[in-house]
Amino acid sequence: MSDSLTHVEARPAPSLQAHGITSGYGGVPVIRDVSISVGPREVVAVIGPNGAGKSTLLKSLVGILRLNSGRIVLGEDDVTGKPPEELARRGVGYVPQVNDIFEPLTVLENLEMGGYLLKPAQVKARVTEVGAVFPQLPPMLKRRADKLSGGERKMLAIARVLMLDPKVLILDEPTANLSPKLADSLLKEHVRRLAALGKAVLIVEQRARAALQVADWTSVLVSGSVRLEGPPTELLQREDFEELFLGAGTDLAASKDTNMEEA
């Protein structure tokens, strides 16, 4: 269970919430009794050391992994056990860390694949609308996705999920393999812009300091459990905050950005 904070800022009504969920692989729990929520226009960042269970949490929320216990609520509906495609229809968008685009296809074809639940006329309209969110993409619609830079690929991955206009957007390590400059731009510009559009944004991010700068609320996951949660400004004031990360390989313990892609 998480530590209680002396002051909790008002938060929006949850678009998506997990109540005491436990899940893992092959019946072996990786996360235990985790509760988390995210509401409209809110960015919630999940941070923690490597192996803490962050990606497992996201896969549990979007129905890729079955829960051992607990429940997941979307709006007012209990969606525990619903498969990923059903959650997508209900307004949950998920961008995995890897395999997030179709490399042999063009940018336009990737977007059309993202709109697979829409009618043809709706797909064309949504491509235009998504292009307004990511204005770098429309000039590249005919370009193959495998010819894009790291930053462009990630924009396309998010844009593809936006084709269904999800209420909740879940991002797993969106800055992985990006340079510090591109990572900062993605988080501060694009992630915050998505929240401003009314999306509930839940993000797992290894660049903890960068995530804290854009988040409205932060949960710290350690060894499969939420150890701390609250507004980033409060967490940074706690003496035990950075201790959770020491030696864990996050940027709170060390800052190492090697072999990063600049464009």
# chains A, B, ... in the order shown; residues from 1 in each chain; ligands from 1

$ closest_atom_pairs --of "segment 99-196 of chain A" --to "segment 210-220 of chain A" --cutoff "8 Å" --atoms "only C-alpha atoms" --output "tab-separated table"
residue	atom	partner	partner_atom	distance
A:Asp184	CA	A:Ala210	CA	6.7
A:Leu187	CA	A:Val214	CA	6.7
A:Lys188	CA	A:Val214	CA	6.1
A:Val191	CA	A:Val214	CA	8.0
A:Arg192	CA	A:Val214	CA	6.8

$ residues_around --residues "segment 204-207 of chain A" --least-positions-apart "5" --cutoff "6 Å" --atoms "only C-alpha atoms" --output "mmCIF file with N, CA and C atoms, in the first residue's frame"
data_model
loop_
_atom_site.group_PDB
_atom_site.id
_atom_site.type_symbol
_atom_site.label_atom_id
_atom_site.label_comp_id
_atom_site.auth_asym_id
_atom_site.auth_seq_id
_atom_site.Cartn_x
_atom_site.Cartn_y
_atom_site.Cartn_z
ATOM 1 N N ALA A 45 1.979 9.779 -13.987
ATOM 2 C CA ALA A 45 3.221 9.087 -14.322
ATOM 3 C C ALA A 45 3.481 7.980 -13.319
ATOM 4 N N VAL A 46 3.812 6.803 -13.835
ATOM 5 C CA VAL A 46 4.242 5.681 -12.999
ATOM 6 C C VAL A 46 5.750 5.542 -13.182
ATOM 7 N N ILE A 47 6.489 5.723 -12.109
ATOM 8 C CA ILE A 47 7.933 5.621 -12.179
ATOM 9 C C ILE A 47 8.411 4.590 -11.167
ATOM 10 N N ASP A 172 3.595 3.316 -22.710
ATOM 11 C CA ASP A 172 4.644 2.549 -22.038
ATOM 12 C C ASP A 172 6.012 2.993 -22.557
ATOM 13 N N GLU A 173 6.770 3.677 -21.713
ATOM 14 C CA GLU A 173 8.127 4.130 -22.034
ATOM 15 C C GLU A 173 8.194 4.839 -23.392
ATOM 16 N N ASP A 251 17.068 7.581 -13.745
ATOM 17 C CA ASP A 251 17.821 8.831 -13.821
ATOM 18 C C ASP A 251 17.809 9.583 -12.503
#

$ closest_residue --among "A:Val30, A:Asn110, A:Val43, A:Arg209" --to "Ser55 of chain A" --atoms "only C-alpha atoms"
A:Val30

$ select_by_dssp --residues "segment 59-115 of chain A" --states "strand (DSSP E)" --output "mmCIF file with N, CA and C atoms, in the first residue's frame"
data_model
loop_
_atom_site.group_PDB
_atom_site.id
_atom_site.type_symbol
_atom_site.label_atom_id
_atom_site.label_comp_id
_atom_site.auth_asym_id
_atom_site.auth_seq_id
_atom_site.Cartn_x
_atom_site.Cartn_y
_atom_site.Cartn_z
ATOM 1 N N LEU A 67 -6.023 -10.658 -14.450
ATOM 2 C CA LEU A 67 -5.779 -10.357 -13.049
ATOM 3 C C LEU A 67 -5.893 -11.609 -12.192
ATOM 4 N N ASN A 68 -5.033 -11.681 -11.190
ATOM 5 C CA ASN A 68 -5.207 -12.695 -10.152
ATOM 6 C C ASN A 68 -6.305 -12.267 -9.186
ATOM 7 N N SER A 69 -6.344 -10.962 -8.933
ATOM 8 C CA SER A 69 -7.374 -10.411 -8.051
ATOM 9 C C SER A 69 -7.484 -8.914 -8.311
ATOM 10 N N GLY A 70 -8.527 -8.293 -7.741
ATOM 11 C CA GLY A 70 -8.762 -6.871 -7.943
ATOM 12 C C GLY A 70 -9.701 -6.631 -9.101
ATOM 13 N N ARG A 71 -9.960 -5.362 -9.385
ATOM 14 C CA ARG A 71 -10.853 -5.029 -10.491
ATOM 15 C C ARG A 71 -10.441 -3.730 -11.164
ATOM 16 N N ILE A 72 -10.893 -3.575 -12.408
ATOM 17 C CA ILE A 72 -10.590 -2.392 -13.215
ATOM 18 C C ILE A 72 -11.907 -1.761 -13.644
ATOM 19 N N VAL A 73 -12.011 -0.451 -13.464
ATOM 20 C CA VAL A 73 -13.250 0.278 -13.769
ATOM 21 C C VAL A 73 -12.955 1.359 -14.794
ATOM 22 N N LEU A 74 -13.745 1.388 -15.855
ATOM 23 C CA LEU A 74 -13.640 2.402 -16.900
ATOM 24 C C LEU A 74 -14.883 3.272 -16.822
ATOM 25 N N ASP A 77 -18.108 1.666 -15.418
ATOM 26 C CA ASP A 77 -18.292 0.263 -15.810
ATOM 27 C C ASP A 77 -17.125 -0.600 -15.349
ATOM 28 N N ASP A 78 -17.452 -1.718 -14.731
ATOM 29 C CA ASP A 78 -16.437 -2.696 -14.362
ATOM 30 C C ASP A 78 -16.023 -3.450 -15.628
ATOM 31 N N VAL A 92 -10.102 3.021 -24.652
ATOM 32 C CA VAL A 92 -8.776 2.909 -24.045
ATOM 33 C C VAL A 92 -7.753 2.700 -25.158
ATOM 34 N N GLY A 93 -6.806 3.617 -25.262
ATOM 35 C CA GLY A 93 -5.736 3.503 -26.244
ATOM 36 C C GLY A 93 -4.431 3.131 -25.566
ATOM 37 N N TYR A 94 -3.692 2.202 -26.161
ATOM 38 C CA TYR A 94 -2.454 1.695 -25.556
ATOM 39 C C TYR A 94 -1.330 1.742 -26.573
ATOM 40 N N VAL A 95 -0.220 2.375 -26.189
ATOM 41 C CA VAL A 95 0.975 2.426 -27.028
ATOM 42 C C VAL A 95 2.082 1.655 -26.316
#

$ closest_residue --among "A:Asp33, A:Asp146, A:Leu169, A:Val44" --to "Asn99 of chain A" --atoms "only C-alpha atoms"
A:Asp146

$ atom_distance --atom1 "atom CA of Arg41 of chain A" --atom2 "atom CA of Val201 of chain A"
7.5 Å

$ atom_distance --atom1 "atom CA of Gly151 of chain A" --atom2 "atom CA of Leu171 of chain A"
14.5 Å

$ residues_around --residues "Val168 of chain A" --least-positions-apart "5" --cutoff "8 Å" --atoms "only C-alpha atoms" --output "list of chain:residue names"
A:Ser15, A:Leu16, A:Pro40, A:Gly91, A:Val92, A:Gly93, A:Lys199, A:Ala200, A:Val201, A:Leu202

$ write_last_selection --atoms "C-alpha atoms" --output "PDB file, in the first residue's frame"
ATOM      1  CA  SER A  15     -11.746   7.836 -16.333  1.00  0.00           C
ATOM      2  CA  LEU A  16      -9.875   4.633 -15.541  1.00  0.00           C
ATOM      3  CA  PRO A  40      -9.576  13.723 -17.939  1.00  0.00           C
ATOM      4  CA  GLY A  91     -12.074   4.230 -25.400  1.00  0.00           C
ATOM      5  CA  VAL A  92      -8.776   2.909 -24.045  1.00  0.00           C
ATOM      6  CA  GLY A  93      -5.736   3.503 -26.244  1.00  0.00           C
ATOM      7  CA  LYS A 199      -7.450  12.813 -22.623  1.00  0.00           C
ATOM      8  CA  ALA A 200      -6.661  10.937 -19.432  1.00  0.00           C
ATOM      9  CA  VAL A 201      -2.970  10.115 -19.903  1.00  0.00           C
ATOM     10  CA  LEU A 202      -1.242   7.350 -17.945  1.00  0.00           C
TER      11      LEU A 202
END

$ closest_residue --among "A:Ala159, A:Leu235, A:Val98, A:Leu221" --to "Gln136 of chain A" --atoms "only C-alpha atoms"
A:Ala159

$ closest_residue --among "A:Thr22, A:Ser35, A:Gln122, A:Thr175" --to "Pro96 of chain A" --atoms "only C-alpha atoms"
A:Thr175

$ atom_distance --atom1 "atom CA of Leu156 of chain A" --atom2 "atom CA of Ile203 of chain A"
16.8 Å
